$ cat input.cif   # mmCIF, C-alpha atoms and all ligand atoms
data_final
loop_
_atom_site.label_atom_id
_atom_site.label_comp_id
_atom_site.auth_asym_id
_atom_site.auth_seq_id
_atom_site.Cartn_x
_atom_site.Cartn_y
_atom_site.Cartn_z
CA MET N 1 -4.29 -14.86 -14.31
CA LEU N 2 -5.32 -14.16 -10.71
CA ASN N 3 -8.99 -14.72 -10.04
CA VAL N 4 -10.35 -13.76 -6.66
CA GLN N 5 -13.95 -14.92 -6.45
CA ASN N 6 -16.32 -13.73 -3.72
CA ILE N 7 -13.89 -14.24 -0.86
CA SER N 8 -14.64 -13.49 2.79
CA PHE N 9 -12.50 -13.87 5.88
CA ALA N 10 -12.95 -13.17 9.61
CA TYR N 11 -10.32 -13.23 12.39
CA ASP N 12 -13.06 -13.60 14.98
CA ASN N 13 -16.74 -13.26 14.15
CA GLU N 14 -16.83 -10.12 12.06
CA ASN N 15 -15.72 -10.24 8.43
CA VAL N 16 -12.52 -8.27 7.77
CA ILE N 17 -12.74 -9.29 4.10
CA ASN N 18 -16.28 -9.07 2.87
CA ASP N 19 -17.26 -10.72 -0.43
CA ILE N 20 -14.36 -9.44 -2.51
CA SER N 21 -13.93 -10.30 -6.20
CA PHE N 22 -11.40 -9.10 -8.76
CA SER N 23 -9.03 -10.48 -11.32
CA MET N 24 -5.67 -9.40 -12.74
CA ARG N 25 -3.52 -10.19 -15.75
CA ARG N 26 0.02 -11.58 -15.75
CA GLY N 27 2.49 -8.69 -15.45
CA GLU N 28 -0.10 -6.26 -14.16
CA CYS N 29 0.59 -4.07 -11.13
CA LEU N 30 -2.38 -3.58 -8.86
CA ALA N 31 -2.38 -1.15 -5.95
CA ILE N 32 -4.71 -1.53 -3.01
CA LEU N 33 -5.52 1.75 -1.30
CA GLY N 34 -7.68 2.46 1.72
CA GLU N 35 -7.66 3.82 5.24
CA SER N 36 -5.76 2.04 8.00
CA GLY N 37 -7.58 -1.07 9.19
CA CYS N 38 -9.75 -1.46 6.05
CA GLY N 39 -8.29 -4.91 5.37
CA LYS N 40 -5.48 -4.38 2.82
CA SER N 41 -2.92 -6.55 4.64
CA THR N 42 -5.49 -9.20 5.40
CA LEU N 43 -6.47 -9.39 1.72
CA ILE N 44 -2.82 -9.83 0.72
CA LYS N 45 -2.34 -12.52 3.36
CA THR N 46 -5.40 -14.46 2.25
CA ILE N 47 -4.13 -14.42 -1.35
CA TYR N 48 -0.77 -15.74 -0.13
CA GLY N 49 -2.55 -18.55 1.70
CA LEU N 50 -1.90 -17.59 5.30
CA TYR N 51 -5.58 -17.81 6.24
CA ASN N 52 -8.44 -20.16 5.48
CA LEU N 53 -11.22 -18.36 3.65
CA THR N 54 -14.66 -18.45 5.21
CA ASP N 55 -16.09 -18.17 1.72
CA GLY N 56 -15.06 -17.92 -1.93
CA SER N 57 -12.01 -19.12 -3.86
CA ILE N 58 -8.75 -17.83 -5.34
CA PHE N 59 -7.14 -19.15 -8.55
CA TRP N 60 -3.80 -18.45 -10.22
CA GLY N 61 -4.53 -19.64 -13.73
CA GLU N 62 -5.88 -23.17 -13.27
CA LYS N 63 -4.32 -23.61 -9.84
CA GLN N 64 -6.42 -22.97 -6.76
CA LEU N 65 -4.61 -21.12 -3.97
CA LEU N 66 -5.47 -22.66 -0.63
CA GLY N 67 -5.03 -21.79 3.04
CA PRO N 68 -3.17 -23.58 5.84
CA ASN N 69 -5.86 -26.27 6.15
CA PHE N 70 -4.62 -27.59 2.82
CA ASN N 71 -0.91 -26.60 2.78
CA ILE N 72 1.40 -27.50 5.65
CA VAL N 73 3.74 -24.72 4.58
CA PRO N 74 1.64 -21.72 3.52
CA GLY N 75 2.24 -20.10 0.15
CA GLU N 76 3.30 -21.31 -3.29
CA ASP N 77 6.80 -21.25 -4.81
CA PHE N 78 5.73 -18.87 -7.55
CA ILE N 79 4.29 -16.31 -5.13
CA LYS N 80 6.45 -14.18 -2.85
CA TYR N 81 5.09 -12.16 0.00
CA VAL N 82 7.00 -9.30 1.55
CA ALA N 83 5.32 -8.63 4.86
CA GLN N 84 5.32 -5.66 7.17
CA ASP N 85 8.14 -6.53 9.53
CA PHE N 86 8.27 -5.05 12.97
CA ASP N 87 10.89 -6.86 15.02
CA LEU N 88 8.74 -6.28 18.10
CA MET N 89 8.45 -8.60 21.08
CA PRO N 90 5.30 -10.49 20.04
CA PHE N 91 4.21 -11.61 23.51
CA ALA N 92 4.80 -8.32 25.31
CA THR N 93 2.20 -5.56 25.31
CA VAL N 94 2.44 -2.46 23.16
CA GLU N 95 3.44 -0.37 26.18
CA GLU N 96 6.11 -2.88 27.22
CA ASN N 97 7.46 -2.77 23.69
CA VAL N 98 7.55 1.01 23.70
CA GLY N 99 9.10 1.12 27.17
CA LYS N 100 11.64 -1.61 26.52
CA PHE N 101 14.64 0.70 26.40
CA LEU N 102 13.53 3.00 29.20
CA SER N 103 15.09 2.39 32.59
CA ASN N 104 13.02 0.50 35.18
CA PHE N 105 14.79 2.51 37.85
CA TYR N 106 12.59 5.54 37.24
CA ARG N 107 9.22 3.75 37.04
CA LYS N 108 7.02 6.87 37.17
CA GLU N 109 9.02 8.62 34.48
CA LYS N 110 8.99 5.47 32.38
CA ALA N 111 5.19 5.14 32.62
CA LYS N 112 4.71 8.82 31.80
CA ARG N 113 7.12 8.70 28.90
CA THR N 114 5.53 5.50 27.55
CA ALA N 115 2.05 7.01 27.76
CA GLN N 116 3.30 10.13 25.98
CA LEU N 117 4.87 8.05 23.22
CA LEU N 118 1.70 5.96 22.81
CA GLU N 119 -0.32 9.17 22.60
CA THR N 120 2.05 10.52 19.97
CA ILE N 121 1.65 7.41 17.82
CA GLY N 122 -2.09 7.18 18.53
CA LEU N 123 -1.99 3.79 20.28
CA SER N 124 -2.99 4.66 23.85
CA ALA N 125 -6.10 2.48 23.56
CA TYR N 126 -3.93 -0.52 22.68
CA ALA N 127 -1.42 -0.15 25.53
CA LYS N 128 -2.27 -3.57 26.99
CA THR N 129 -2.65 -5.37 23.65
CA THR N 130 0.09 -7.55 22.21
CA PRO N 131 1.47 -6.43 18.83
CA LYS N 132 0.43 -9.59 17.02
CA TYR N 133 -3.16 -8.30 17.07
CA LEU N 134 -2.31 -4.96 15.49
CA SER N 135 -1.96 -4.04 11.83
CA GLY N 136 1.54 -3.73 10.48
CA GLY N 137 3.70 -0.89 9.18
CA GLN N 138 7.30 -1.70 8.12
CA GLN N 139 9.08 -3.16 5.14
CA GLN N 140 12.68 -3.93 4.38
CA ARG N 141 14.57 -3.50 1.18
CA ILE N 142 16.47 -6.73 1.74
CA ALA N 143 13.20 -8.59 2.04
CA ILE N 144 12.17 -7.25 -1.38
CA ALA N 145 15.46 -8.33 -2.94
CA ARG N 146 15.12 -11.79 -1.34
CA ALA N 147 11.58 -12.09 -2.63
CA LEU N 148 12.69 -11.27 -6.16
CA ALA N 149 15.70 -13.63 -6.16
CA LYS N 150 13.81 -16.61 -7.57
CA ASP N 151 11.70 -14.73 -10.11
CA PRO N 152 8.23 -15.11 -8.67
CA GLU N 153 5.18 -14.92 -10.94
CA LEU N 154 3.30 -12.90 -8.35
CA LEU N 155 4.80 -10.51 -5.82
CA LEU N 156 2.70 -9.41 -2.84
CA LEU N 157 3.98 -6.24 -1.19
CA ASP N 158 2.55 -4.89 2.03
CA GLU N 159 3.60 -1.26 2.58
CA PRO N 160 7.05 -1.88 1.11
CA PHE N 161 8.47 1.64 1.43
CA GLY N 162 7.14 2.72 4.80
CA GLN N 163 10.49 2.84 6.56
CA ILE N 164 12.61 4.06 3.69
CA ASP N 165 13.66 7.69 3.38
CA ASN N 166 12.49 9.76 0.41
CA PHE N 167 15.72 9.80 -1.55
CA LYS N 168 16.13 6.02 -1.42
CA LYS N 169 12.43 5.43 -1.74
CA ASN N 170 12.14 7.20 -5.10
CA GLU N 171 15.07 5.35 -6.56
CA LEU N 172 13.94 2.01 -5.14
CA ARG N 173 10.41 2.46 -6.48
CA ARG N 174 11.64 3.29 -9.99
CA ASN N 175 14.03 0.33 -10.04
CA LEU N 176 11.64 -2.14 -8.51
CA PHE N 177 8.67 -1.39 -10.73
CA SER N 178 10.73 -1.38 -13.94
CA PHE N 179 12.25 -4.72 -12.86
CA LEU N 180 8.76 -6.13 -12.36
CA LYS N 181 7.59 -4.92 -15.78
CA GLU N 182 10.74 -6.16 -17.55
CA ASN N 183 10.31 -9.59 -15.99
CA ASN N 184 6.52 -9.76 -16.41
CA ILE N 185 6.02 -10.21 -12.67
CA SER N 186 2.52 -9.45 -11.43
CA CYS N 187 2.41 -7.35 -8.32
CA ILE N 188 -0.17 -6.49 -5.70
CA LEU N 189 0.88 -3.60 -3.55
CA ALA N 190 -0.90 -2.44 -0.42
CA SER N 191 0.04 1.13 0.25
CA HIS N 192 -0.80 4.26 2.18
CA ASP N 193 1.15 6.33 -0.29
CA SER N 194 -0.94 7.37 -3.26
CA THR N 195 2.25 8.21 -5.20
CA ASP N 196 2.98 4.48 -5.39
CA ALA N 197 -0.46 3.85 -6.76
CA LEU N 198 -0.72 6.81 -9.14
CA SER N 199 2.77 6.52 -10.60
CA TYR N 200 3.36 2.79 -10.77
CA ALA N 201 0.10 0.87 -10.67
CA ASP N 202 -1.84 -0.15 -13.78
CA ARG N 203 -4.96 -0.33 -11.67
CA ILE N 204 -6.11 0.74 -8.24
CA ILE N 205 -8.52 -1.08 -5.97
CA VAL N 206 -9.98 1.05 -3.17
CA MET N 207 -11.05 -0.75 0.01
CA LYS N 208 -13.29 0.39 2.83
CA ASP N 209 -14.48 -1.77 5.74
CA GLY N 210 -13.34 -4.97 4.07
CA LYS N 211 -15.06 -4.25 0.75
CA ILE N 212 -13.92 -3.02 -2.64
CA ILE N 213 -15.60 0.32 -3.34
CA ALA N 214 -13.72 1.20 -6.54
CA ASP N 215 -11.58 -0.60 -9.13
CA ASP N 216 -10.18 1.56 -11.93
CA THR N 217 -7.10 3.00 -13.61
CA PRO N 218 -5.18 5.64 -11.62
CA GLN N 219 -6.21 8.38 -14.08
CA HIS N 220 -9.93 7.58 -13.93
CA LEU N 221 -9.96 7.21 -10.20
CA TYR N 222 -8.11 10.47 -9.63
CA ASN N 223 -10.13 12.48 -12.14
CA ASP N 224 -13.51 11.02 -11.23
CA PRO N 225 -13.26 9.98 -7.59
CA LYS N 226 -17.03 9.60 -6.85
CA THR N 227 -16.65 10.00 -3.07
CA LEU N 228 -14.71 12.15 -0.63
CA TYR N 229 -13.15 8.98 0.80
CA ILE N 230 -11.61 8.12 -2.58
CA ALA N 231 -10.50 11.69 -3.33
CA SER N 232 -8.96 11.98 0.15
CA LEU N 233 -6.63 9.07 -0.62
CA PHE N 234 -4.87 11.44 -3.03
CA GLY N 235 -4.48 14.32 -0.56
CA GLU N 236 -6.69 17.06 0.87
CA ALA N 237 -10.03 17.22 -0.89
CA ASN N 238 -13.00 19.57 -0.55
CA VAL N 239 -16.74 19.17 -0.63
CA LEU N 240 -18.02 22.62 -1.57
CA PRO N 241 -21.31 24.23 -2.56
CA TYR N 242 -21.55 25.41 -6.16
CA LEU N 243 -24.24 26.86 -8.37
CA VAL N 244 -25.41 24.79 -11.34
CA ASP N 245 -28.39 26.31 -13.19
CA ASP N 246 -29.02 28.53 -10.13
CA LYS N 247 -29.35 25.45 -7.96
CA GLU N 248 -26.84 24.90 -5.16
CA VAL N 249 -25.10 21.52 -5.37
CA LEU N 250 -22.13 19.99 -3.55
CA MET N 251 -18.99 19.45 -5.60
CA LEU N 252 -15.93 17.32 -4.89
CA VAL N 253 -12.82 19.32 -5.73
CA TYR N 254 -9.08 19.12 -5.19
CA PRO N 255 -7.14 22.13 -3.82
CA HIS N 256 -5.53 22.85 -7.21
CA GLU N 257 -8.99 23.16 -8.79
CA ILE N 258 -9.97 26.20 -6.72
CA ASN N 259 -8.83 29.75 -7.43
CA ILE N 260 -8.67 32.67 -5.06
CA ASP N 261 -11.19 35.06 -6.62
CA ASP N 262 -12.33 38.12 -4.69
CA SER N 263 -15.22 38.75 -7.10
CA SER N 264 -16.78 35.39 -6.12
CA LYS N 265 -19.81 35.30 -3.85
CA PHE N 266 -18.30 32.25 -2.06
CA LYS N 267 -16.12 33.56 0.78
CA MET N 268 -13.95 31.85 3.36
CA THR N 269 -11.91 32.96 6.33
CA VAL N 270 -8.28 31.86 6.14
CA THR N 271 -7.29 29.80 9.20
CA LYS N 272 -3.81 28.57 8.21
CA CYS N 273 -1.36 28.70 5.36
CA TYR N 274 1.19 25.92 4.85
CA PHE N 275 4.36 26.32 2.79
CA ARG N 276 4.63 23.38 0.39
CA GLY N 277 7.74 24.29 -1.58
CA ASP N 278 6.34 25.23 -4.99
CA HIS N 279 3.02 26.49 -3.56
CA PHE N 280 1.07 27.30 -0.40
CA LEU N 281 -1.80 25.21 0.88
CA VAL N 282 -4.34 27.68 2.23
CA GLU N 283 -6.74 26.30 4.81
CA GLY N 284 -9.94 28.20 5.42
CA ILE N 285 -13.43 27.86 6.73
CA MET N 286 -16.77 28.65 5.13
CA ASN N 287 -19.98 28.05 7.13
CA ASP N 288 -18.20 25.46 9.31
CA ARG N 289 -16.98 23.69 6.16
CA PRO N 290 -13.18 23.32 5.75
CA VAL N 291 -11.71 24.59 2.48
CA PHE N 292 -8.23 23.76 1.10
CA ILE N 293 -6.81 25.77 -1.78
CA LYS N 294 -3.50 25.47 -3.60
CA HIS N 295 -2.25 29.00 -4.04
CA SER N 296 0.91 30.74 -5.21
CA ALA N 297 1.16 33.25 -2.35
CA PHE N 298 0.99 33.28 1.44
CA LEU N 299 -2.35 34.42 2.90
CA GLU N 300 -2.61 35.74 6.44
CA ALA N 301 -4.89 33.90 8.91
CA GLY N 302 -8.06 35.92 9.55
CA ASN N 303 -8.27 37.28 5.98
CA VAL N 304 -11.61 36.87 4.27
CA THR N 305 -11.18 35.87 0.67
CA GLY N 306 -13.41 34.81 -2.23
CA PHE N 307 -12.82 31.65 -4.24
CA SER N 308 -14.18 30.00 -7.35
CA LEU N 309 -13.85 26.58 -8.94
CA ALA N 310 -11.64 26.10 -11.98
CA LYS N 311 -13.60 25.88 -15.24
CA HIS N 312 -12.58 22.29 -16.02
CA VAL N 313 -14.29 20.90 -12.91
CA GLY N 314 -17.17 19.19 -14.62
CA GLU N 315 -20.59 18.09 -13.48
CA LYS N 316 -19.37 14.56 -12.83
CA ARG N 317 -17.93 15.96 -9.61
CA ILE N 318 -21.40 16.76 -8.25
CA LEU N 319 -22.06 14.66 -5.17
CA SER N 320 -25.49 13.15 -4.91
N1 LIG N 401 -4.14 -11.10 13.68
C1 LIG N 401 -5.25 -10.39 13.86
N2 LIG N 401 -6.19 -10.75 14.77
C2 LIG N 401 -7.33 -10.05 14.94
N3 LIG N 401 -7.64 -8.93 14.25
C3 LIG N 401 -6.74 -8.50 13.33
C4 LIG N 401 -5.50 -9.21 13.09
N4 LIG N 401 -4.83 -8.53 12.11
C5 LIG N 401 -5.60 -7.48 11.76
N5 LIG N 401 -6.73 -7.46 12.49
C6 LIG N 401 -7.82 -6.47 12.36
O1 LIG N 401 -8.37 -6.61 11.06
C7 LIG N 401 -8.66 -5.33 10.50
C8 LIG N 401 -7.92 -5.16 9.17
O2 LIG N 401 -6.53 -5.13 9.45
P1 LIG N 401 -5.46 -5.02 8.28
O3 LIG N 401 -4.11 -5.16 8.88
O4 LIG N 401 -5.82 -5.97 7.20
O5 LIG N 401 -5.72 -3.53 7.79
P2 LIG N 401 -4.84 -2.60 6.82
O6 LIG N 401 -5.82 -1.92 5.92
O7 LIG N 401 -3.75 -3.38 6.18
O8 LIG N 401 -4.25 -1.56 7.87
P3 LIG N 401 -2.85 -0.74 7.79
O9 LIG N 401 -2.99 0.14 6.60
O10 LIG N 401 -2.84 0.02 9.08
O11 LIG N 401 -1.74 -1.75 7.68
C9 LIG N 401 -8.28 -4.29 11.56
O12 LIG N 401 -9.46 -3.95 12.26
C10 LIG N 401 -7.31 -5.04 12.46
O13 LIG N 401 -7.38 -4.56 13.78
#

$ encode --input "input.cif" --output "structure tokens"
Amino acid sequence: MLNVQNISFAYDNENVINDISFSMRRGECLAILGESGCGKSTLIKTIYGLYNLTDGSIFWGEKQLLGPNFNIVPGEDFIKYVAQDFDLMPFATVEENVGKFLSNFYRKEKAKRTAQLLETIGLSAYAKTTPKYLSGGQQQRIAIARALAKDPELLLLDEPFGQIDNFKKNELRRNLFSFLKENNISCILASHDSTDALSYADRIIVMKDGKIIADDTPQHLYNDPKTLYIASLFGEANVLPYLVDDKEVLMLVYPHEINIDDSSKFKMTVTKCYFRGDHFLVEGIMNDRPVFIKHSAFLEAGNVTGFSLAKHVGEKRILS
């Protein structure tokens, strides 16, 4: 139903979307995963028609979806777009936004506090930038309900659950995605949260630097991630040496696929141990290489322990 054909887009000179193609069926739910700044929001906005493509074309069935050069009001009636919504002052800088509620009476304290807050959120380098040039991060439940009111054929969601607490988020996700399936509404969801993608998407597209680097079902992508970048979208992942036919190779493994095993010749020094409710995540180091292991018991930092890979980790996890 949706056909995205070799599209590219640049805000300035450099392509943020770089020759992307994919298609999706009516009623399908597609998740877009990738690190911050890889172009997820921009891709969603180009599909909605907010930008003019520098190359390529987008079709919904027979209908071509066009940018603002062709539509005075961007978007189509049958597509709804729920954007990241910040409620920031668009023409003030990031630091002015952050400092808005701090008193001007204590200027030094205000500057120090603002700098500290920017540091905490990792935006010190953007202190003098205005928010309209930064990527987004907030969604509202009301906006989702409003978008669904007129039964769209395609729903575009950009980080829809970012601001919603866990209890509400789980319930909202279950309700929303069953509503979409029941009503045969196609959905493209840009998300940082791999739970959204693994649990609710029919397919996952992985983006990096404006390109699609993987397009597969959640199960395939999780079980056969190909690169550390892809595996890391699902949590901590390890690249570890392993012996295959007496030859040392590098394997890509998840923390639950490694066992503490003192008889193993592979040893690591424990550096930290995090309580994760039903397990501990043990962090260690082996020849400057970080190792993460899911384990049932707490291990003291400084301990040297052996580990081995679970038997089911197959050769397809060997990195070339
Ligand atoms: N309006 C804009 N003008 C100029 N550059 C922009 C604009 N919006 C985004 N960018 C840049 O384009 C790139 C892709 O941004 P985009 O928001 O699409 O990423 P994202 O993957 O959705 O990020 P996040 O996950 O943090 O929301 C980033 O380098 C960003 O700084």

$ atom_distance --input "input.cif" --atom1 "CA of Thr195 in chain N" --atom2 "atom C3 of ligand LIG 401 (chain N)"
26.5 Å

$ axis_aligned_box --input "input.cif" --around "range 209-213 of chain N" --padding-each-side "6 Å" --output "AutoDock Vina command-line options"
--center_x -14.5 --center_y -2.3 --center_z 1.2 --size_x 14.3 --size_y 17.3 --size_z 21.1

$ residues_around --input "input.cif" --residues "range 256-271 of chain N" --least-positions-apart "2" --cutoff "12 Å" --atoms "all atoms listed in the file" --output "VMD selection string"
chain N and resid 223 235 to 243 248 251 to 254 273 to 274 279 to 314 317

$ residues_around --input "input.cif" --residues "Asn71 in chain N" --least-positions-apart "5" --cutoff "12 Å" --atoms "all atoms listed in the file" --output "list in words"
Tyr48, Gly49, Leu50, Tyr51, Asn52, Gln64, Leu65, Leu66 and Glu76 of chain N

$ atom_distance --input "input.cif" --atom1 "CA of Glu153 in chain N" --atom2 "CA of Ile188 in chain N"
11.3 Å

$ closest_residue --input "input.cif" --among "N:Lys316, N:Asp245, N:Gly37, N:Ile32" --to "Asp216 in chain N" --atoms "all atoms listed in the file"
N:Ile32

$ atom_distance --input "input.cif" --atom1 "CA of Phe179 in chain N" --atom2 "CA of Glu28 in chain N"
12.5 Å

$ closest_residue --input "input.cif" --among "N:Asp209, N:Asp278, N:Asp224, N:Glu171" --to "ligand LIG 401 (chain N)" --atoms "only C-alpha atoms and all ligand atoms"
N:Asp209

$ residues_around --input "input.cif" --residues "Asn6 in chain N" --least-positions-apart "6" --cutoff "7 Å" --atoms "all atoms listed in the file" --output "VMD selection string"
chain N and resid 19 to 21 56 to 57

$ residues_around --input "input.cif" --residues "Cys29 in chain N" --least-positions-apart "2" --cutoff "8 Å" --atoms "only C-alpha atoms" --output "list in words"
Gly27, Ala31, Ser186, Cys187, Ile188, Leu189, Tyr200, Ala201, Asp202 and Arg203 of chain N

$ write_last_selection --input "input.cif" --atoms "C-alpha atoms" --output "tab-separated table (two decimals), in the frame of the given file"
chain	number	residue	atom	x	y	z
N	27	GLY	CA	2.49	-8.69	-15.45
N	31	ALA	CA	-2.38	-1.15	-5.95
N	186	SER	CA	2.52	-9.45	-11.43
N	187	CYS	CA	2.41	-7.35	-8.32
N	188	ILE	CA	-0.17	-6.49	-5.70
N	189	LEU	CA	0.88	-3.60	-3.55
N	200	TYR	CA	3.36	2.79	-10.77
N	201	ALA	CA	0.10	0.87	-10.67
N	202	ASP	CA	-1.84	-0.15	-13.78
N	203	ARG	CA	-4.96	-0.33	-11.67

$ closest_residue --input "input.cif" --among "N:Ile318, N:Leu155, N:Val244, N:Ile44" --to "ligand LIG 401 (chain N)" --atoms "all atoms listed in the file"
N:Ile44
